[in-house]
>>> print(open('run-v3.txt').read())   # compact mmCIF, C-alpha atoms
# COMPACT_ATOMS: atom_id res chain seq x y z
CA MET A 773 0.00 0.00 0.00
CA VAL A 774 1.33 3.44 -0.86
CA ASP A 775 0.43 5.27 2.32
CA ALA A 776 -0.71 2.03 3.86
CA VAL A 777 -3.00 1.54 6.79
CA VAL A 778 -1.43 4.29 8.88
CA PRO A 779 -1.12 6.86 6.10
CA VAL A 780 1.64 9.43 6.02
CA HIS A 781 2.46 12.23 3.64
CA LEU A 782 5.68 12.11 1.63
CA ASP A 783 6.93 15.20 3.46
CA ASP A 784 6.33 13.89 7.00
CA PRO A 785 8.93 12.78 9.56
CA ILE A 786 8.61 9.13 8.60
CA ALA A 787 8.73 9.39 4.83
CA GLN A 788 11.65 11.78 5.13
CA ARG A 789 13.74 9.55 7.36
CA GLN A 790 16.44 9.41 4.67
CA SER A 791 16.76 13.19 4.41
CA ARG A 792 17.12 15.89 7.04
CA PRO A 793 13.98 17.88 7.81
CA ALA A 794 14.06 21.61 8.52
CA LEU A 795 14.66 22.81 12.05
CA ALA A 796 11.11 23.69 12.98
CA ARG A 797 9.87 20.33 11.77
CA ARG A 798 12.60 18.49 13.65
CA VAL A 799 11.69 20.29 16.88
CA ALA A 800 7.99 19.52 16.46
CA ALA A 801 8.70 16.04 15.14
CA VAL A 802 10.11 15.18 18.56
CA ALA A 803 6.45 14.71 19.39
CA LEU A 804 4.82 13.54 16.19
CA ALA A 805 7.33 10.77 15.65
CA ALA A 806 6.01 9.04 18.74
CA GLY A 807 2.81 8.06 17.02
CA LEU A 808 4.29 7.40 13.61
CA ALA A 809 7.90 6.33 14.02
CA VAL A 810 6.71 2.97 15.25
CA ALA A 811 5.76 2.35 11.62
CA ALA A 812 9.46 2.22 10.79
CA GLY A 813 9.50 -1.46 11.74
CA CYS A 814 11.45 -2.84 14.67
CA SER A 815 9.96 -2.22 18.10
CA MET A 816 13.36 -1.84 19.73
CA VAL A 817 14.38 0.79 17.20
CA GLY A 818 11.07 2.53 17.80
CA ARG A 819 11.62 2.63 21.56
CA LEU A 820 15.23 3.74 21.35
CA GLY A 821 14.37 6.33 18.73
CA TYR A 822 11.54 7.80 20.78
CA ASP A 823 13.46 7.83 24.03
CA HIS A 824 16.35 9.71 22.39
CA LEU A 825 14.37 12.10 20.20
CA PRO A 826 15.31 15.23 22.22
CA THR A 827 18.99 14.42 21.82
CA LEU A 828 18.57 13.73 18.11
CA ALA A 829 16.57 16.93 17.62
CA ALA A 830 19.21 19.03 19.39
CA TRP A 831 21.91 17.47 17.25
CA ARG A 832 19.97 18.17 14.07
CA ALA A 833 19.34 21.77 15.10
CA ASP A 834 23.05 22.24 15.74
CA SER A 835 23.97 20.70 12.38
CA TYR A 836 21.67 23.13 10.62
CA LEU A 837 22.52 26.26 12.58
CA SER A 838 25.80 25.83 14.49
CA LEU A 839 24.25 26.79 17.82
CA ASN A 840 25.96 28.78 20.52
CA ALA A 841 25.88 27.70 24.16
CA GLU A 842 22.78 29.74 25.03
CA GLN A 843 20.86 28.39 22.03
CA LYS A 844 21.84 24.83 22.86
CA ALA A 845 20.47 25.32 26.38
CA ILE A 846 17.17 26.72 25.04
CA ALA A 847 16.86 23.91 22.50
CA SER A 848 17.60 21.21 25.06
CA ARG A 849 15.18 22.61 27.64
CA ARG A 850 12.35 23.09 25.19
CA MET A 851 12.79 19.75 23.46
CA GLU A 852 12.86 17.83 26.72
CA ALA A 853 9.67 19.59 27.86
CA LEU A 854 7.90 18.91 24.56
CA HIS A 855 8.94 15.28 24.64
CA ALA A 856 7.74 14.85 28.23
CA TRP A 857 4.40 16.49 27.44
CA HIS A 858 3.93 14.26 24.43
CA ARG A 859 4.80 11.09 26.32
CA SER A 860 2.30 11.91 29.05
CA THR A 861 -0.63 13.15 26.94
CA GLN A 862 -0.64 11.85 23.36
CA LEU A 863 0.31 8.19 23.26
CA ASP A 864 -3.02 6.85 24.52
CA ASP A 865 -4.79 8.61 21.66
CA TYR A 866 -2.40 7.11 19.10
CA ALA A 867 -2.94 3.64 20.53
CA ALA A 868 -6.72 4.15 20.41
CA LEU A 869 -6.54 5.07 16.72
CA LEU A 870 -4.44 1.99 15.98
CA ARG A 871 -6.96 -0.19 17.82
CA GLU A 872 -9.74 1.28 15.71
CA ILE A 873 -7.75 0.50 12.57
CA GLN A 874 -7.06 -3.00 13.86
CA ARG A 875 -10.76 -3.67 14.49
CA THR A 876 -11.77 -2.33 11.09
CA VAL A 877 -9.15 -4.41 9.29
CA ALA A 878 -10.32 -7.52 11.17
CA GLN A 879 -13.88 -6.87 9.99
CA GLY A 880 -12.69 -6.51 6.40
CA ASP A 881 -14.40 -3.13 6.16
CA VAL A 882 -11.57 -1.13 4.58
CA ASP A 883 -12.12 0.94 1.47
CA GLU A 884 -10.66 4.08 -0.05
CA ALA A 885 -12.89 6.38 2.02
CA ARG A 886 -11.84 4.66 5.23
CA ILE A 887 -8.15 4.99 4.41
CA ARG A 888 -8.63 8.66 3.58
CA ALA A 889 -10.35 9.15 6.95
CA TRP A 890 -7.38 7.55 8.72
CA ARG A 891 -4.95 9.76 6.83
CA LEU A 892 -6.89 12.87 7.82
CA ALA A 893 -7.11 11.62 11.40
CA MET A 894 -3.33 11.37 11.56
CA PHE A 895 -2.98 14.86 10.13
CA GLU A 896 -5.35 16.15 12.84
CA ARG A 897 -3.06 14.72 15.48
CA TRP A 898 -0.43 17.18 14.33
CA ARG A 899 -2.57 20.09 15.58
CA PRO A 900 -1.94 19.76 19.35
CA ILE A 901 1.75 19.21 18.62
CA ALA A 902 1.90 22.41 16.57
CA ASP A 903 0.12 24.24 19.40
CA ARG A 904 2.62 22.94 21.93
CA ALA A 905 5.75 23.32 19.81
CA ALA A 906 5.05 26.83 18.49
CA PRO A 907 6.13 28.79 21.59
CA ALA A 908 9.29 26.70 21.84
CA VAL A 909 10.30 27.26 18.23
CA ALA A 910 9.39 30.96 18.43
CA GLU A 911 11.57 31.42 21.51
CA PHE A 912 14.40 29.78 19.63
CA ALA A 913 13.86 31.77 16.42
CA VAL A 914 14.34 35.13 18.10
CA THR A 915 17.93 34.17 19.01
CA LEU A 916 19.05 33.41 15.44
CA ASP A 917 21.55 35.66 13.67
CA PRO A 918 22.05 36.35 9.92
CA ALA A 919 24.93 33.87 9.63
CA GLN A 920 22.78 31.09 11.06
CA MET A 921 19.96 31.93 8.66
CA ARG A 922 22.39 31.70 5.74
CA ARG A 923 23.59 28.34 7.02
CA LEU A 924 19.98 27.14 7.31
CA ARG A 925 19.27 28.09 3.69
CA ASP A 926 22.48 26.40 2.53
CA GLU A 927 21.61 23.18 4.39
CA MET A 928 18.14 23.17 2.90
CA GLU A 929 19.56 23.57 -0.60
CA ARG A 930 21.95 20.68 0.02
CA ASP A 931 19.13 18.47 1.28
CA ASN A 932 16.94 19.39 -1.68
CA ALA A 933 19.65 18.56 -4.19
CA LYS A 934 20.17 15.15 -2.57
CA LEU A 935 16.45 14.48 -2.47
CA ARG A 936 16.02 15.42 -6.12
CA ARG A 937 18.84 13.08 -7.15
CA GLU A 938 17.46 10.14 -5.17
CA TRP A 939 13.70 10.55 -5.64
CA MET A 940 13.32 12.50 -8.87
CA PRO A 941 15.54 11.16 -11.68
CA GLU A 942 15.20 13.10 -14.93
CA ASP A 943 14.54 9.96 -16.93
CA ARG A 944 10.87 9.00 -16.50
CA SER A 945 11.53 5.26 -16.59
CA GLU A 946 14.04 5.66 -13.76
CA ARG A 947 11.58 7.78 -11.81
CA ILE A 948 8.91 5.10 -12.19
CA GLU A 949 11.37 2.53 -10.85
CA VAL A 950 12.11 4.70 -7.81
CA ARG A 951 8.38 5.20 -7.27
CA THR A 952 7.69 1.48 -7.65
CA LYS A 953 10.33 0.64 -5.04
CA ARG A 954 8.74 3.14 -2.67
CA TYR A 955 5.32 1.53 -3.21
CA LEU A 956 6.66 -1.99 -2.73
CA ASP A 957 8.71 -1.16 0.38
CA ARG A 958 5.71 0.45 2.06
CA ALA A 959 3.38 -2.40 1.13
CA GLU A 960 5.83 -5.04 2.38
CA LEU A 961 6.16 -3.24 5.69
CA PHE A 962 2.44 -3.67 6.32
CA LEU A 963 1.66 -6.91 4.48
CA GLY A 964 4.91 -8.85 4.50
CA THR A 965 5.90 -10.79 1.38
CA LEU A 966 3.83 -9.67 -1.60
CA THR A 967 2.24 -11.91 -4.21
CA ALA A 968 3.16 -11.65 -7.88
CA GLU A 969 -0.24 -10.05 -8.50
CA GLN A 970 0.40 -7.37 -5.89
CA ARG A 971 3.87 -6.60 -7.20
CA GLN A 972 2.47 -6.32 -10.69
CA LEU A 973 -0.28 -4.02 -9.46
CA ALA A 974 2.24 -1.76 -7.73
CA ARG A 975 4.39 -1.55 -10.87
CA ARG A 976 1.40 -0.85 -13.10
CA LEU A 977 -0.01 1.88 -10.87
CA ALA A 978 3.42 3.44 -10.43
CA ALA A 979 3.59 3.78 -14.21
CA GLU A 980 -0.02 4.93 -14.63
CA VAL A 981 -0.30 7.60 -11.94
CA PRO A 982 0.56 11.14 -13.07
CA ASP A 983 4.02 12.27 -12.06
CA SER A 984 3.46 13.95 -8.71
CA GLU A 985 7.01 14.37 -7.46
CA GLU A 986 7.45 17.84 -8.95
CA GLN A 987 4.29 19.13 -7.28
CA TRP A 988 5.25 17.51 -4.00
CA PHE A 989 8.72 19.04 -4.27
CA ALA A 990 7.19 22.46 -4.99
CA GLN A 991 5.07 22.12 -1.83
CA ARG A 992 8.21 21.24 0.12
CA LEU A 993 10.00 24.34 -1.19
CA LEU A 994 7.02 26.53 -0.24
CA ARG A 995 7.17 25.21 3.31
CA GLN A 996 10.90 25.82 3.52
CA GLN A 997 10.51 29.36 2.20
CA ASP A 998 7.77 29.97 4.72
CA LEU A 999 9.98 28.65 7.52
CA VAL A 1000 12.78 31.03 6.61
CA ALA A 1001 10.35 33.93 6.28
CA THR A 1002 8.74 33.14 9.65
CA PHE A 1003 12.10 32.88 11.39
CA ASP A 1004 13.23 36.16 9.82
CA ARG A 1005 10.02 37.90 10.80
CA ILE A 1006 10.25 36.78 14.41
CA ARG A 1007 13.92 37.62 14.84
CA THR A 1008 13.71 41.05 13.15
CA GLU A 1009 10.32 42.29 14.38
CA ARG A 1010 10.68 40.70 17.85
CA PRO A 1011 6.95 40.64 18.67
CA ASP A 1012 5.51 39.62 22.02
CA ALA A 1013 5.56 35.91 22.85
CA ALA A 1014 1.89 35.35 22.00
CA THR A 1015 2.23 36.90 18.54
CA ALA A 1016 5.44 35.05 17.75
CA SER A 1017 3.85 31.77 18.83
CA ALA A 1018 0.83 32.42 16.60
CA TRP A 1019 3.08 33.03 13.59
CA MET A 1020 5.03 29.88 14.33
CA ARG A 1021 1.91 27.79 14.81
CA GLU A 1022 0.57 28.96 11.46
CA HIS A 1023 3.79 27.77 9.86
CA LEU A 1024 3.85 24.41 11.65
CA MET A 1025 0.29 23.63 10.62
CA ARG A 1026 1.38 23.81 6.98
CA TYR A 1027 3.08 20.44 7.41
CA ALA A 1028 -0.36 18.87 7.72
CA GLN A 1029 -1.88 20.84 4.87
CA VAL A 1030 -1.58 21.12 1.11
CA ARG A 1031 -0.65 24.69 0.24
CA ASP A 1032 -2.85 26.83 -1.99
CA GLY A 1033 -1.55 27.41 -5.48
CA PRO A 1034 -1.50 25.87 -8.95
CA GLY A 1035 -0.22 22.54 -7.64
CA ARG A 1036 -2.86 22.06 -4.95
CA PRO A 1037 -5.43 20.11 -7.02
CA PHE A 1038 -2.67 17.87 -8.34
CA SER A 1039 -1.31 17.22 -4.84
CA GLU A 1040 -4.75 16.37 -3.51
CA SER A 1041 -5.43 14.01 -6.41
CA SER A 1042 -2.08 12.33 -5.76
CA LEU A 1043 -3.05 11.68 -2.15
CA ALA A 1044 -6.39 10.30 -3.32
CA ALA A 1045 -4.58 7.97 -5.73
CA SER A 1046 -2.44 6.74 -2.85
CA ASP A 1047 -5.58 6.02 -0.81
CA ALA A 1048 -7.08 4.11 -3.73
CA MET A 1049 -4.00 1.97 -4.22
CA SER A 1050 -3.84 1.21 -0.50
CA ALA A 1051 -7.44 -0.02 -0.61
CA ARG A 1052 -6.82 -2.12 -3.71
CA MET A 1053 -3.70 -3.69 -2.25
CA LEU A 1054 -5.55 -4.62 0.93
CA ALA A 1055 -8.53 -5.94 -1.05
CA ILE A 1056 -6.33 -8.56 -2.75
CA SER A 1057 -4.30 -9.38 0.36
CA THR A 1058 -4.02 -13.01 1.44
CA PRO A 1059 -5.12 -14.34 4.85
CA ARG A 1060 -1.44 -14.58 5.84
CA GLN A 1061 -0.87 -10.95 4.87
CA ARG A 1062 -3.87 -9.79 6.87
CA GLN A 1063 -2.51 -11.71 9.86
CA HIS A 1064 0.85 -9.99 9.31
CA LEU A 1065 -0.89 -6.62 9.31
CA GLN A 1066 -2.76 -7.42 12.52
CA ARG A 1067 0.49 -8.47 14.19
CA LYS A 1068 2.15 -5.24 13.06
CA LEU A 1069 -0.67 -3.12 14.40
CA GLN A 1070 -0.55 -4.96 17.72
CA GLU A 1071 3.23 -4.56 17.84
CA TRP A 1072 2.86 -0.81 17.47
CA ILE A 1073 0.06 -0.66 20.05
CA ASP A 1074 2.22 -2.57 22.52
CA LEU A 1075 5.14 -0.24 21.79
CA LEU A 1076 3.05 2.86 22.40
CA GLU A 1077 1.81 1.45 25.67
CA SER A 1078 5.35 0.63 26.75
CA LEU A 1079 6.45 4.21 26.01
CA ARG A 1080 3.94 5.78 28.39
CA PRO A 1081 5.37 7.21 31.62
CA GLY A 1082 4.66 5.66 34.98
CA PRO A 1083 1.65 6.72 37.07
CA THR A 1084 3.63 9.27 39.09
CA ALA A 1085 5.00 11.08 36.06
CA ARG A 1086 1.61 11.06 34.35
CA SER A 1087 -0.14 12.53 37.36
CA THR A 1088 2.20 15.53 37.71
CA GLY A 1089 1.46 18.61 35.69
CA THR A 1090 4.99 20.00 35.70
CA ILE A 1091 6.15 18.12 32.63
CA ALA A 1092 3.39 19.66 30.55
CA THR A 1093 3.86 23.31 31.56
CA ASN A 1094 7.35 24.20 30.32
>>> encode(input="run-v3.txt", output="structure tokens")
Amino acid sequence: MVDAVVPVHLDDPIAQRQSRPALARRVAAVALAAGLAVAAGCSMVGRLGYDHLPTLAAWRADSYLSLNAEQKAIASRRMEALHAWHRSTQLDDYAALLREIQRTVAQGDVDEARIRAWRLAMFERWRPIADRAAPAVAEFAVTLDPAQMRRLRDEMERDNAKLRREWMPEDRSERIEVRTKRYLDRAELFLGTLTAEQRQLARRLAAEVPDSEEQWFAQRLLRQQDLVATFDRIRTERPDAATASAWMREHLMRYAQVRDGPGRPFSESSLAASDAMSARMLAISTPRQRQHLQRKLQEWIDLLESLRPGPTARSTGTIATN
């Protein structure tokens, strides 16, 4: 399945695990990855990755911006607080959504509309994270200097060039091959070994769907430009904390939205095509594959439950107020 049973957008923290996301996304992704990073496969990797997300986020921020000591302290404090809030308040909701998916899959009642609803449900779960992360990122943005902003733009350009080489070959036949591999890898994660019919379906649909990579890439560039503009606005205008947080939240919410513009209809139709292929792949799945999917879902539910803090930590409000 393209976006599979727990759908994700190509520009989200999971799909972009082979490239380096922008700073604001990495800070906020400290939280979002909890619900989605489990879809990367191994439970142990999921646990280790989640437990060390604040450290990883701080390292990424430093690699993008070459932080000074004061900025490192702000980043560390804010990321730890965001991570603790997320651990104590969001994981139960993620597990509940996975249980709903698990029940629906068991009933065999999965169609394109259902998969679209799950995709939108995951996007909605970005909203409280954006609300929580916005003040943290805004506080950080006001400390940035022109040299750090230049470095950020340079790092983004480097990432984009790498992404274009790997995901968007000029030759269409090569691009279809890259797309097919992406489809097959995602489907095998959820269904296990694919049948010849399923592999053929993935290859055929990869060739038939309109090329969407350019539109997706254009959306990515718009978000990056908006990040730079938002950072610049905060650090030059230096508004009050509430205003800066509102600007930052508006930016962060764009990672769960398709931007307005000429490419919007194409991007939305591409997502719909992904939903349709997911439904078709599941419709021709074998009993063994459906069992594999149920085991995967249960594995992720168990992982989320194991990541929750103990009763004492969950009952204290201090971790959710910083």
>>> closest_residue(input="run-v3.txt", among="A:Leu961, A:Ala902, A:Met1020, A:Leu1069", to="Ile1006 (chain A)", atoms="only C-alpha atoms")
A:Met1020
>>> atom_distance(input="run-v3.txt", atom1="CA of Ser1017 (chain A)", atom2="CA of Val909 (chain A)")
7.9 Å
>>> closest_atom_pairs(input="run-v3.txt", of="region 973-1086 of chain A", to="region 856-873 of chain A", cutoff="7 Å", atoms="only C-alpha atoms", output="CSV")
residue,atom,partner,partner_atom,distance
A:Leu1069,CA,A:Leu870,CA,6.5
A:Ile1073,CA,A:Ala867,CA,5.3
A:Leu1076,CA,A:Leu863,CA,6.1
A:Arg1080,CA,A:Arg859,CA,5.8
A:Pro1081,CA,A:Ser860,CA,6.2
A:Arg1086,CA,A:Ser860,CA,5.4
>>> atom_distance(input="run-v3.txt", atom1="CA of Trp1019 (chain A)", atom2="CA of Ala919 (chain A)")
22.2 Å
>>> atom_distance(input="run-v3.txt", atom1="CA of Met851 (chain A)", atom2="CA of Arg1021 (chain A)")
16.1 Å
>>> residues_around(input="run-v3.txt", residues="Ile887 (chain A)", least_positions_apart="2", cutoff="8 Å", atoms="only C-alpha atoms", output="PDB file with C-alpha atoms, in the coordinates of the input")
ATOM      1  CA  VAL A 777      -3.000   1.540   6.790  1.00  0.00           C
ATOM      2  CA  PRO A 779      -1.120   6.860   6.100  1.00  0.00           C
ATOM      3  CA  VAL A 882     -11.570  -1.130   4.580  1.00  0.00           C
ATOM      4  CA  ASP A 883     -12.120   0.940   1.470  1.00  0.00           C
ATOM      5  CA  GLU A 884     -10.660   4.080  -0.050  1.00  0.00           C
ATOM      6  CA  ALA A 885     -12.890   6.380   2.020  1.00  0.00           C
ATOM      7  CA  ALA A 889     -10.350   9.150   6.950  1.00  0.00           C
ATOM      8  CA  TRP A 890      -7.380   7.550   8.720  1.00  0.00           C
ATOM      9  CA  ARG A 891      -4.950   9.760   6.830  1.00  0.00           C
ATOM     10  CA  ASP A1047      -5.580   6.020  -0.810  1.00  0.00           C
ATOM     11  CA  SER A1050      -3.840   1.210  -0.500  1.00  0.00           C
ATOM     12  CA  ALA A1051      -7.440  -0.020  -0.610  1.00  0.00           C
TER      13      ALA A1051
END
>>> decode(input="run-v3.txt", residues="region 962-1077 of chain A", atoms="C-alpha atoms", output="short mmCIF file (atom, residue, chain, number, x, y, z; two decimals), in the first residue's frame")
data_model
loop_
_atom_site.label_atom_id
_atom_site.label_comp_id
_atom_site.auth_asym_id
_atom_site.auth_seq_id
_atom_site.Cartn_x
_atom_site.Cartn_y
_atom_site.Cartn_z
CA PHE A 962 2.44 -3.67 6.32
CA LEU A 963 1.66 -6.91 4.48
CA GLY A 964 4.91 -8.85 4.50
CA THR A 965 5.90 -10.79 1.38
CA LEU A 966 3.83 -9.67 -1.60
CA THR A 967 2.24 -11.91 -4.21
CA ALA A 968 3.16 -11.65 -7.88
CA GLU A 969 -0.24 -10.05 -8.50
CA GLN A 970 0.40 -7.37 -5.89
CA ARG A 971 3.87 -6.60 -7.20
CA GLN A 972 2.47 -6.32 -10.69
CA LEU A 973 -0.28 -4.02 -9.46
CA ALA A 974 2.24 -1.76 -7.73
CA ARG A 975 4.39 -1.55 -10.87
CA ARG A 976 1.40 -0.85 -13.10
CA LEU A 977 -0.01 1.88 -10.87
CA ALA A 978 3.42 3.44 -10.43
CA ALA A 979 3.59 3.78 -14.21
CA GLU A 980 -0.02 4.93 -14.63
CA VAL A 981 -0.30 7.60 -11.94
CA PRO A 982 0.56 11.14 -13.07
CA ASP A 983 4.02 12.27 -12.06
CA SER A 984 3.46 13.95 -8.71
CA GLU A 985 7.01 14.37 -7.46
CA GLU A 986 7.45 17.84 -8.95
CA GLN A 987 4.29 19.13 -7.28
CA TRP A 988 5.25 17.51 -4.00
CA PHE A 989 8.72 19.04 -4.27
CA ALA A 990 7.19 22.46 -4.99
CA GLN A 991 5.07 22.12 -1.83
CA ARG A 992 8.21 21.24 0.12
CA LEU A 993 10.00 24.34 -1.19
CA LEU A 994 7.02 26.53 -0.24
CA ARG A 995 7.17 25.21 3.31
CA GLN A 996 10.90 25.82 3.52
CA GLN A 997 10.51 29.36 2.20
CA ASP A 998 7.77 29.97 4.72
CA LEU A 999 9.98 28.65 7.52
CA VAL A 1000 12.78 31.03 6.61
CA ALA A 1001 10.35 33.93 6.28
CA THR A 1002 8.74 33.14 9.65
CA PHE A 1003 12.10 32.88 11.39
CA ASP A 1004 13.23 36.16 9.82
CA ARG A 1005 10.02 37.90 10.80
CA ILE A 1006 10.25 36.78 14.41
CA ARG A 1007 13.92 37.62 14.84
CA THR A 1008 13.71 41.05 13.15
CA GLU A 1009 10.32 42.29 14.38
CA ARG A 1010 10.68 40.70 17.85
CA PRO A 1011 6.95 40.64 18.67
CA ASP A 1012 5.51 39.62 22.02
CA ALA A 1013 5.56 35.91 22.85
CA ALA A 1014 1.89 35.35 22.00
CA THR A 1015 2.23 36.90 18.54
CA ALA A 1016 5.44 35.05 17.75
CA SER A 1017 3.85 31.77 18.83
CA ALA A 1018 0.83 32.42 16.60
CA TRP A 1019 3.08 33.03 13.59
CA MET A 1020 5.03 29.88 14.33
CA ARG A 1021 1.91 27.79 14.81
CA GLU A 1022 0.57 28.96 11.46
CA HIS A 1023 3.79 27.77 9.86
CA LEU A 1024 3.85 24.41 11.65
CA MET A 1025 0.29 23.63 10.62
CA ARG A 1026 1.38 23.81 6.98
CA TYR A 1027 3.08 20.44 7.41
CA ALA A 1028 -0.36 18.87 7.72
CA GLN A 1029 -1.88 20.84 4.87
CA VAL A 1030 -1.58 21.12 1.11
CA ARG A 1031 -0.65 24.69 0.24
CA ASP A 1032 -2.85 26.83 -1.99
CA GLY A 1033 -1.55 27.41 -5.48
CA PRO A 1034 -1.50 25.87 -8.95
CA GLY A 1035 -0.22 22.54 -7.64
CA ARG A 1036 -2.86 22.06 -4.95
CA PRO A 1037 -5.43 20.11 -7.02
CA PHE A 1038 -2.67 17.87 -8.34
CA SER A 1039 -1.31 17.22 -4.84
CA GLU A 1040 -4.75 16.37 -3.51
CA SER A 1041 -5.43 14.01 -6.41
CA SER A 1042 -2.08 12.33 -5.76
CA LEU A 1043 -3.05 11.68 -2.15
CA ALA A 1044 -6.39 10.30 -3.32
CA ALA A 1045 -4.58 7.97 -5.73
CA SER A 1046 -2.44 6.74 -2.85
CA ASP A 1047 -5.58 6.02 -0.81
CA ALA A 1048 -7.08 4.11 -3.73
CA MET A 1049 -4.00 1.97 -4.22
CA SER A 1050 -3.84 1.21 -0.50
CA ALA A 1051 -7.44 -0.02 -0.61
CA ARG A 1052 -6.82 -2.12 -3.71
CA MET A 1053 -3.70 -3.69 -2.25
CA LEU A 1054 -5.55 -4.62 0.93
CA ALA A 1055 -8.53 -5.94 -1.05
CA ILE A 1056 -6.33 -8.56 -2.75
CA SER A 1057 -4.30 -9.38 0.36
CA THR A 1058 -4.02 -13.01 1.44
CA PRO A 1059 -5.12 -14.34 4.85
CA ARG A 1060 -1.44 -14.58 5.84
CA GLN A 1061 -0.87 -10.95 4.87
CA ARG A 1062 -3.87 -9.79 6.87
CA GLN A 1063 -2.51 -11.71 9.86
CA HIS A 1064 0.85 -9.99 9.31
CA LEU A 1065 -0.89 -6.62 9.31
CA GLN A 1066 -2.76 -7.42 12.52
CA ARG A 1067 0.49 -8.47 14.19
CA LYS A 1068 2.15 -5.24 13.06
CA LEU A 1069 -0.67 -3.12 14.40
CA GLN A 1070 -0.55 -4.96 17.72
CA GLU A 1071 3.23 -4.56 17.84
CA TRP A 1072 2.86 -0.81 17.47
CA ILE A 1073 0.06 -0.66 20.05
CA ASP A 1074 2.22 -2.57 22.52
CA LEU A 1075 5.14 -0.24 21.79
CA LEU A 1076 3.05 2.86 22.40
CA GLU A 1077 1.81 1.45 25.67
#
